[in-house]
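S.K.: Got a structure for you, final32.cif, holding mmCIF, N, CA and C atoms.
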```cif
data_data
loop_
_atom_site.label_atom_id
_atom_site.label_comp_id
_atom_site.auth_asym_id
_atom_site.auth_seq_id
_atom_site.Cartn_x
_atom_site.Cartn_y
_atom_site.Cartn_z
N MET X 1 20.36 -108.56 -18.80
CA MET X 1 20.66 -107.65 -19.90
C MET X 1 21.07 -108.46 -21.13
N ALA X 2 20.75 -107.91 -22.27
CA ALA X 2 21.07 -108.57 -23.54
C ALA X 2 22.51 -108.33 -23.93
N VAL X 3 23.06 -109.29 -24.63
CA VAL X 3 24.42 -109.16 -25.14
C VAL X 3 24.33 -108.71 -26.59
N LEU X 4 25.08 -107.66 -26.93
CA LEU X 4 25.09 -107.11 -28.29
C LEU X 4 26.39 -107.50 -28.98
N LYS X 5 26.30 -107.90 -30.22
CA LYS X 5 27.50 -108.22 -31.01
C LYS X 5 27.75 -107.05 -31.95
N VAL X 6 28.95 -106.47 -31.85
CA VAL X 6 29.31 -105.27 -32.60
C VAL X 6 30.66 -105.48 -33.26
N GLU X 7 30.83 -104.93 -34.46
CA GLU X 7 32.10 -105.01 -35.17
C GLU X 7 32.75 -103.64 -35.17
N VAL X 8 34.06 -103.59 -35.00
CA VAL X 8 34.84 -102.35 -35.07
C VAL X 8 35.81 -102.49 -36.24
N VAL X 9 35.86 -101.47 -37.12
CA VAL X 9 36.75 -101.53 -38.28
C VAL X 9 37.55 -100.24 -38.41
N TYR X 10 38.77 -100.41 -38.94
CA TYR X 10 39.67 -99.30 -39.24
C TYR X 10 40.43 -99.70 -40.49
N ALA X 11 40.35 -98.87 -41.54
CA ALA X 11 40.98 -99.25 -42.81
C ALA X 11 42.08 -98.27 -43.18
N LEU X 12 43.18 -98.82 -43.65
CA LEU X 12 44.27 -98.07 -44.25
C LEU X 12 44.37 -98.51 -45.70
N PRO X 13 45.05 -97.76 -46.55
CA PRO X 13 45.15 -98.18 -47.95
C PRO X 13 45.76 -99.58 -48.12
N GLU X 14 46.70 -99.94 -47.27
CA GLU X 14 47.38 -101.21 -47.44
C GLU X 14 46.89 -102.35 -46.53
N ARG X 15 46.09 -102.03 -45.52
CA ARG X 15 45.61 -103.08 -44.62
C ARG X 15 44.34 -102.63 -43.90
N GLU X 16 43.77 -103.59 -43.17
CA GLU X 16 42.54 -103.32 -42.43
C GLU X 16 42.63 -103.95 -41.05
N GLU X 17 42.15 -103.24 -40.05
CA GLU X 17 42.05 -103.78 -38.69
C GLU X 17 40.57 -103.95 -38.40
N SER X 18 40.19 -105.07 -37.83
CA SER X 18 38.80 -105.25 -37.43
C SER X 18 38.74 -106.16 -36.22
N ALA X 19 37.66 -105.99 -35.46
CA ALA X 19 37.45 -106.82 -34.28
C ALA X 19 35.96 -106.95 -34.05
N ARG X 20 35.55 -108.12 -33.63
CA ARG X 20 34.16 -108.35 -33.25
C ARG X 20 34.14 -108.49 -31.73
N VAL X 21 33.24 -107.75 -31.11
CA VAL X 21 33.15 -107.80 -29.64
C VAL X 21 31.70 -107.99 -29.22
N ALA X 22 31.53 -108.54 -28.05
CA ALA X 22 30.22 -108.69 -27.43
C ALA X 22 30.19 -107.77 -26.20
N VAL X 23 29.18 -106.93 -26.14
CA VAL X 23 29.04 -105.98 -25.03
C VAL X 23 27.62 -106.06 -24.50
N GLN X 24 27.43 -105.58 -23.29
CA GLN X 24 26.11 -105.54 -22.69
C GLN X 24 25.29 -104.41 -23.30
N SER X 25 23.98 -104.56 -23.33
CA SER X 25 23.13 -103.49 -23.87
C SER X 25 23.36 -102.24 -23.02
N GLY X 26 23.30 -101.09 -23.66
CA GLY X 26 23.59 -99.83 -22.99
C GLY X 26 25.03 -99.39 -23.20
N ALA X 27 25.85 -100.23 -23.83
CA ALA X 27 27.26 -99.88 -24.08
C ALA X 27 27.33 -98.76 -25.12
N THR X 28 28.35 -97.94 -25.01
CA THR X 28 28.54 -96.83 -25.94
C THR X 28 29.64 -97.18 -26.95
N VAL X 29 29.79 -96.31 -27.93
CA VAL X 29 30.84 -96.48 -28.94
C VAL X 29 32.20 -96.55 -28.24
N ARG X 30 32.42 -95.70 -27.27
CA ARG X 30 33.71 -95.71 -26.55
C ARG X 30 33.93 -97.04 -25.83
N ASP X 31 32.88 -97.58 -25.19
CA ASP X 31 33.01 -98.88 -24.52
C ASP X 31 33.43 -99.96 -25.51
N VAL X 32 32.83 -99.93 -26.69
CA VAL X 32 33.14 -100.92 -27.72
C VAL X 32 34.59 -100.76 -28.18
N LEU X 33 35.04 -99.51 -28.37
CA LEU X 33 36.42 -99.26 -28.80
C LEU X 33 37.42 -99.76 -27.76
N VAL X 34 37.11 -99.52 -26.49
CA VAL X 34 38.01 -99.98 -25.41
C VAL X 34 38.07 -101.50 -25.41
N LYS X 35 36.90 -102.15 -25.48
CA LYS X 35 36.88 -103.61 -25.42
C LYS X 35 37.54 -104.25 -26.64
N SER X 36 37.46 -103.58 -27.79
CA SER X 36 38.06 -104.14 -29.01
C SER X 36 39.58 -104.01 -29.02
N GLY X 37 40.12 -103.12 -28.21
CA GLY X 37 41.56 -102.89 -28.20
C GLY X 37 42.02 -101.95 -29.32
N LEU X 38 41.06 -101.33 -30.02
CA LEU X 38 41.41 -100.44 -31.14
C LEU X 38 41.27 -98.96 -30.78
N LEU X 39 41.05 -98.65 -29.52
CA LEU X 39 40.88 -97.26 -29.11
C LEU X 39 42.11 -96.42 -29.46
N HIS X 40 43.30 -97.01 -29.42
CA HIS X 40 44.53 -96.27 -29.71
C HIS X 40 44.58 -95.77 -31.16
N LEU X 41 43.74 -96.31 -32.04
CA LEU X 41 43.72 -95.88 -33.44
C LEU X 41 42.86 -94.65 -33.69
N VAL X 42 42.05 -94.27 -32.70
CA VAL X 42 41.16 -93.12 -32.88
C VAL X 42 41.98 -91.84 -32.84
N ARG X 43 41.98 -91.12 -33.96
CA ARG X 43 42.70 -89.84 -34.07
C ARG X 43 41.73 -88.69 -34.34
N GLY X 44 40.49 -89.03 -34.60
CA GLY X 44 39.51 -88.00 -34.94
C GLY X 44 38.12 -88.52 -34.72
N LYS X 45 37.40 -88.67 -35.81
CA LYS X 45 35.99 -89.01 -35.73
C LYS X 45 35.76 -90.52 -35.80
N VAL X 46 34.61 -90.92 -35.26
CA VAL X 46 34.15 -92.30 -35.35
C VAL X 46 32.71 -92.26 -35.84
N GLY X 47 32.25 -93.40 -36.35
CA GLY X 47 30.88 -93.44 -36.85
C GLY X 47 30.30 -94.83 -36.75
N ILE X 48 29.01 -94.90 -37.05
CA ILE X 48 28.31 -96.18 -37.12
C ILE X 48 27.68 -96.25 -38.50
N PHE X 49 28.08 -97.25 -39.28
CA PHE X 49 27.58 -97.44 -40.64
C PHE X 49 27.65 -96.15 -41.48
N GLY X 50 28.79 -95.48 -41.45
CA GLY X 50 29.02 -94.32 -42.30
C GLY X 50 28.48 -93.00 -41.78
N LYS X 51 27.89 -92.98 -40.63
CA LYS X 51 27.36 -91.73 -40.05
C LYS X 51 28.20 -91.37 -38.83
N VAL X 52 28.78 -90.17 -38.84
CA VAL X 52 29.62 -89.72 -37.73
C VAL X 52 28.76 -89.57 -36.48
N VAL X 53 29.25 -90.14 -35.38
CA VAL X 53 28.53 -90.07 -34.10
C VAL X 53 29.52 -89.75 -32.98
N PRO X 54 29.04 -89.15 -31.89
CA PRO X 54 29.92 -88.94 -30.73
C PRO X 54 30.23 -90.29 -30.06
N GLU X 55 31.31 -90.33 -29.31
CA GLU X 55 31.72 -91.58 -28.67
C GLU X 55 30.78 -92.04 -27.57
N ASP X 56 29.90 -91.16 -27.09
CA ASP X 56 28.96 -91.56 -26.04
C ASP X 56 27.64 -92.08 -26.61
N THR X 57 27.59 -92.33 -27.91
CA THR X 57 26.39 -92.87 -28.55
C THR X 57 26.22 -94.35 -28.21
N PRO X 58 25.02 -94.75 -27.78
CA PRO X 58 24.81 -96.18 -27.52
C PRO X 58 24.84 -96.99 -28.81
N VAL X 59 25.32 -98.21 -28.73
CA VAL X 59 25.37 -99.09 -29.90
C VAL X 59 24.21 -100.08 -29.85
N ALA X 60 23.89 -100.62 -31.02
CA ALA X 60 22.84 -101.62 -31.13
C ALA X 60 23.45 -102.92 -31.64
N ASP X 61 22.72 -104.00 -31.49
CA ASP X 61 23.19 -105.30 -31.96
C ASP X 61 23.42 -105.25 -33.47
N GLY X 62 24.58 -105.72 -33.92
CA GLY X 62 24.89 -105.76 -35.34
C GLY X 62 25.51 -104.49 -35.90
N ASP X 63 25.72 -103.47 -35.06
CA ASP X 63 26.33 -102.22 -35.54
C ASP X 63 27.77 -102.45 -35.98
N ARG X 64 28.22 -101.61 -36.92
CA ARG X 64 29.62 -101.59 -37.33
C ARG X 64 30.17 -100.22 -36.95
N VAL X 65 31.03 -100.20 -35.96
CA VAL X 65 31.67 -98.96 -35.52
C VAL X 65 32.89 -98.75 -36.39
N GLU X 66 32.98 -97.57 -37.00
CA GLU X 66 34.07 -97.26 -37.93
C GLU X 66 34.95 -96.17 -37.36
N ILE X 67 36.25 -96.38 -37.43
CA ILE X 67 37.23 -95.38 -36.99
C ILE X 67 37.71 -94.68 -38.25
N TYR X 68 37.50 -93.37 -38.31
CA TYR X 68 37.86 -92.60 -39.50
C TYR X 68 39.25 -91.99 -39.35
N ARG X 69 39.99 -92.01 -40.47
CA ARG X 69 41.31 -91.39 -40.50
C ARG X 69 41.16 -89.91 -40.85
N PRO X 70 42.09 -89.08 -40.39
CA PRO X 70 42.04 -87.67 -40.82
C PRO X 70 42.32 -87.58 -42.31
N LEU X 71 41.76 -86.58 -42.96
CA LEU X 71 41.99 -86.39 -44.40
C LEU X 71 43.43 -85.98 -44.64
N ALA X 72 44.03 -86.52 -45.69
CA ALA X 72 45.41 -86.17 -46.04
C ALA X 72 45.47 -84.74 -46.58
N VAL X 73 44.44 -84.34 -47.33
CA VAL X 73 44.37 -83.02 -47.92
C VAL X 73 42.94 -82.50 -47.75
N ASP X 74 42.82 -81.24 -47.40
CA ASP X 74 41.50 -80.62 -47.30
C ASP X 74 40.84 -80.63 -48.68
N PRO X 75 39.62 -81.15 -48.81
CA PRO X 75 38.98 -81.24 -50.12
C PRO X 75 38.85 -79.89 -50.84
N LYS X 76 38.59 -78.83 -50.10
CA LYS X 76 38.47 -77.50 -50.74
C LYS X 76 39.81 -77.06 -51.33
N GLU X 77 40.88 -77.30 -50.58
CA GLU X 77 42.21 -76.93 -51.08
C GLU X 77 42.59 -77.76 -52.30
N ALA X 78 42.26 -79.04 -52.29
CA ALA X 78 42.57 -79.91 -53.43
C ALA X 78 41.83 -79.42 -54.68
N ARG X 79 40.57 -79.03 -54.52
CA ARG X 79 39.80 -78.53 -55.66
C ARG X 79 40.38 -77.22 -56.19
N ARG X 80 40.76 -76.33 -55.27
CA ARG X 80 41.38 -75.06 -55.70
C ARG X 80 42.66 -75.31 -56.49
N ALA X 81 43.45 -76.25 -56.04
CA ALA X 81 44.71 -76.57 -56.73
C ALA X 81 44.42 -77.12 -58.13
N ARG X 82 43.43 -78.02 -58.24
CA ARG X 82 43.07 -78.57 -59.56
C ARG X 82 42.54 -77.46 -60.47
N ALA X 83 41.72 -76.58 -59.92
CA ALA X 83 41.16 -75.48 -60.72
C ALA X 83 42.27 -74.55 -61.20
N ALA X 84 43.23 -74.26 -60.33
CA ALA X 84 44.34 -73.39 -60.71
C ALA X 84 45.17 -74.03 -61.81
N THR X 85 45.40 -75.33 -61.73
CA THR X 85 46.15 -76.04 -62.75
C THR X 85 45.41 -76.01 -64.08
N TYR X 86 44.11 -76.25 -64.05
CA TYR X 86 43.30 -76.25 -65.27
C TYR X 86 43.30 -74.85 -65.89
N THR X 87 43.14 -73.81 -65.06
CA THR X 87 43.11 -72.44 -65.56
C THR X 87 44.44 -72.06 -66.19
N SER X 88 45.53 -72.42 -65.54
CA SER X 88 46.84 -72.05 -66.10
C SER X 88 47.11 -72.82 -67.39
N ARG X 89 46.63 -74.06 -67.50
CA ARG X 89 46.81 -74.81 -68.74
C ARG X 89 46.00 -74.18 -69.87
N SER X 90 44.76 -73.76 -69.61
CA SER X 90 43.96 -73.18 -70.69
C SER X 90 44.53 -71.84 -71.13
N ARG X 91 45.11 -71.09 -70.22
CA ARG X 91 45.70 -69.81 -70.63
C ARG X 91 46.93 -70.03 -71.49
N ARG X 92 47.71 -71.07 -71.20
CA ARG X 92 48.88 -71.37 -72.01
C ARG X 92 48.48 -71.81 -73.40
N ALA X 93 47.36 -72.48 -73.50
CA ALA X 93 46.94 -73.03 -74.79
C ALA X 93 46.34 -71.95 -75.69
N GLY X 94 46.22 -70.76 -75.21
CA GLY X 94 45.65 -69.69 -76.03
C GLY X 94 44.16 -69.59 -75.80
N SER X 95 43.41 -69.46 -76.87
CA SER X 95 41.98 -69.27 -76.72
C SER X 95 41.21 -70.58 -76.90
N ALA X 96 41.88 -71.69 -76.75
CA ALA X 96 41.20 -72.97 -76.91
C ALA X 96 40.13 -73.13 -75.85
N ARG X 97 38.98 -73.61 -76.27
CA ARG X 97 37.89 -73.81 -75.33
C ARG X 97 37.79 -75.28 -74.99
N SER X 98 37.25 -75.54 -73.82
CA SER X 98 37.01 -76.94 -73.47
C SER X 98 35.90 -77.47 -74.35
N PRO X 99 35.83 -78.78 -74.58
CA PRO X 99 34.82 -79.34 -75.46
C PRO X 99 33.40 -78.98 -75.02
N SER X 100 33.16 -78.85 -73.74
CA SER X 100 31.82 -78.53 -73.29
C SER X 100 31.46 -77.06 -73.57
N ARG X 101 32.44 -76.21 -73.79
CA ARG X 101 32.20 -74.80 -74.05
C ARG X 101 32.33 -74.44 -75.53
N ALA X 102 32.68 -75.38 -76.36
CA ALA X 102 32.85 -75.11 -77.78
C ALA X 102 31.51 -74.77 -78.43
N PRO X 103 31.50 -73.84 -79.39
CA PRO X 103 30.24 -73.51 -80.04
C PRO X 103 29.70 -74.70 -80.82
N ARG X 104 28.40 -74.82 -80.88
CA ARG X 104 27.77 -75.93 -81.57
C ARG X 104 27.71 -75.67 -83.06
N ARG X 105 27.87 -76.71 -83.83
CA ARG X 105 27.73 -76.61 -85.29
C ARG X 105 26.28 -76.72 -85.65
N ARG X 106 25.88 -75.97 -86.64
CA ARG X 106 24.48 -76.04 -87.07
C ARG X 106 24.38 -76.56 -88.47
#
```
Starting from the file, lay out its structure as structure tokens.
M.R.:
Amino acid sequence: MAVLKVEVVYALPEREESARVAVQSGATVRDVLVKSGLLHLVRGKVGIFGKVVPEDTPVADGDRVEIYRPLAVDPKEARRARAATYTSRSRRAGSARSPSRAPRRR
């Protein structure tokens, strides 16, 4: 059987954890995580080169297995909060229009 070289990465804002491991062909993402010693960091999703995959996905030589962190804030909720702030600011300012909505001069 062939030996595959795979990298496992986990990034935080202030630091990064990474490990390079060699596994036998047919190994899965979970096998790689166990061998790397970084399985304890998995709190949610994992992926290969930016694409979310299940842990039973086979890996290929040269793959980069990524451990994703949970989102701090739901993106939809963050957008709603920004929109509410923008709306309340424009109402306080009176009838001022944003530059993109201002009438054009002729």
S.K.: Between X:Lys51, X:Arg64, X:Arg43, X:Lys5, which one has atoms that come closest to Val21 in chain X, using all atoms listed in the file?
M.R.: X:Lys5
S.K.: Report as number ranges by chain all protein, DNA and RNA residues lying within 6 Å of Gln24 in chain X, evaluated on all atoms listed in the file, omitting residues in the same chain fewer than 2 positions from it.
M.R.: X: 2-4, 22, 26-27
S.K.: Rounded to one decimal in Å, what is the spacing between atom C of Arg30 in chain X and atom C of Thr57 in chain X?
M.R.: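 Pair atom C of Arg30 in chain X / atom C of Thr57 in chain X returns 8.5 Å.
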S.K.: Counting only C-alpha atoms, which of X:Glu7, X:Arg69, X:Leu12, X:Asp61 gets nearest to Lys35 in chain X?
M.R.: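 Under the stated criterion, the closest residue is X:Glu7.
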S.K.: To one decimal in Å, tell me the separation between CA of Ile48 in chain X and CA of Val8 in chain X.
M.R.: 9.2 Å
S.K.: Taking the point (32.4, -91.1, -24.2) as given in the file, collect each protein or nucleic acid residue that comes within 7 Å of it, counting all atoms listed in the file, and present the set as number ranges by chain.
M.R.: X: 29-31, 54-57
S.K.: Provide the CA of Glu66 in chain X to CA of Val52 in chain X distance in Å, to one decimal place.
M.R.: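 Separation of CA of Glu66 in chain X and CA of Val52 in chain X: 8.8 Å.
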S.K.: Going by DSSP on the backbone, which bits of chain X are helix (DSSP H, G or I)? Write them as a PyMOL selection string, please.
M.R.: chain X and resi 29-36+39-41+75-92+99-101
S.K.: Would you save the residues of that selection, restricted to N, CA and C atoms, as a tab-separated table (two decimals), in the coordinates of the input?
M.R.:
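Final output, result.tsv:
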```tsv
chain	number	residue	atom	x	y	z
X	29	VAL	N	29.79	-96.31	-27.93
X	29	VAL	CA	30.84	-96.48	-28.94
X	29	VAL	C	32.20	-96.55	-28.24
X	30	ARG	N	32.42	-95.70	-27.27
X	30	ARG	CA	33.71	-95.71	-26.55
X	30	ARG	C	33.93	-97.04	-25.83
X	31	ASP	N	32.88	-97.58	-25.19
X	31	ASP	CA	33.01	-98.88	-24.52
X	31	ASP	C	33.43	-99.96	-25.51
X	32	VAL	N	32.83	-99.93	-26.69
X	32	VAL	CA	33.14	-100.92	-27.72
X	32	VAL	C	34.59	-100.76	-28.18
X	33	LEU	N	35.04	-99.51	-28.37
X	33	LEU	CA	36.42	-99.26	-28.80
X	33	LEU	C	37.42	-99.76	-27.76
X	34	VAL	N	37.11	-99.52	-26.49
X	34	VAL	CA	38.01	-99.98	-25.41
X	34	VAL	C	38.07	-101.50	-25.41
X	35	LYS	N	36.90	-102.15	-25.48
X	35	LYS	CA	36.88	-103.61	-25.42
X	35	LYS	C	37.54	-104.25	-26.64
X	36	SER	N	37.46	-103.58	-27.79
X	36	SER	CA	38.06	-104.14	-29.01
X	36	SER	C	39.58	-104.01	-29.02
X	39	LEU	N	41.05	-98.65	-29.52
X	39	LEU	CA	40.88	-97.26	-29.11
X	39	LEU	C	42.11	-96.42	-29.46
X	40	HIS	N	43.30	-97.01	-29.42
X	40	HIS	CA	44.53	-96.27	-29.71
X	40	HIS	C	44.58	-95.77	-31.16
X	41	LEU	N	43.74	-96.31	-32.04
X	41	LEU	CA	43.72	-95.88	-33.44
X	41	LEU	C	42.86	-94.65	-33.69
X	75	PRO	N	39.62	-81.15	-48.81
X	75	PRO	CA	38.98	-81.24	-50.12
X	75	PRO	C	38.85	-79.89	-50.84
X	76	LYS	N	38.59	-78.83	-50.10
X	76	LYS	CA	38.47	-77.50	-50.74
X	76	LYS	C	39.81	-77.06	-51.33
X	77	GLU	N	40.88	-77.30	-50.58
X	77	GLU	CA	42.21	-76.93	-51.08
X	77	GLU	C	42.59	-77.76	-52.30
X	78	ALA	N	42.26	-79.04	-52.29
X	78	ALA	CA	42.57	-79.91	-53.43
X	78	ALA	C	41.83	-79.42	-54.68
X	79	ARG	N	40.57	-79.03	-54.52
X	79	ARG	CA	39.80	-78.53	-55.66
X	79	ARG	C	40.38	-77.22	-56.19
X	80	ARG	N	40.76	-76.33	-55.27
X	80	ARG	CA	41.38	-75.06	-55.70
X	80	ARG	C	42.66	-75.31	-56.49
X	81	ALA	N	43.45	-76.25	-56.04
X	81	ALA	CA	44.71	-76.57	-56.73
X	81	ALA	C	44.42	-77.12	-58.13
X	82	ARG	N	43.43	-78.02	-58.24
X	82	ARG	CA	43.07	-78.57	-59.56
X	82	ARG	C	42.54	-77.46	-60.47
X	83	ALA	N	41.72	-76.58	-59.92
X	83	ALA	CA	41.16	-75.48	-60.72
X	83	ALA	C	42.27	-74.55	-61.20
X	84	ALA	N	43.23	-74.26	-60.33
X	84	ALA	CA	44.34	-73.39	-60.71
X	84	ALA	C	45.17	-74.03	-61.81
X	85	THR	N	45.40	-75.33	-61.73
X	85	THR	CA	46.15	-76.04	-62.75
X	85	THR	C	45.41	-76.01	-64.08
X	86	TYR	N	44.11	-76.25	-64.05
X	86	TYR	CA	43.30	-76.25	-65.27
X	86	TYR	C	43.30	-74.85	-65.89
X	87	THR	N	43.14	-73.81	-65.06
X	87	THR	CA	43.11	-72.44	-65.56
X	87	THR	C	44.44	-72.06	-66.19
X	88	SER	N	45.53	-72.42	-65.54
X	88	SER	CA	46.84	-72.05	-66.10
X	88	SER	C	47.11	-72.82	-67.39
X	89	ARG	N	46.63	-74.06	-67.50
X	89	ARG	CA	46.81	-74.81	-68.74
X	89	ARG	C	46.00	-74.18	-69.87
X	90	SER	N	44.76	-73.76	-69.61
X	90	SER	CA	43.96	-73.18	-70.69
X	90	SER	C	44.53	-71.84	-71.13
X	91	ARG	N	45.11	-71.09	-70.22
X	91	ARG	CA	45.70	-69.81	-70.63
X	91	ARG	C	46.93	-70.03	-71.49
X	92	ARG	N	47.71	-71.07	-71.20
X	92	ARG	CA	48.88	-71.37	-72.01
X	92	ARG	C	48.48	-71.81	-73.40
X	99	PRO	N	35.83	-78.78	-74.58
X	99	PRO	CA	34.82	-79.34	-75.46
X	99	PRO	C	33.40	-78.98	-75.02
X	100	SER	N	33.16	-78.85	-73.74
X	100	SER	CA	31.82	-78.53	-73.29
X	100	SER	C	31.46	-77.06	-73.57
X	101	ARG	N	32.44	-76.21	-73.79
X	101	ARG	CA	32.20	-74.80	-74.05
X	101	ARG	C	32.33	-74.44	-75.53
```
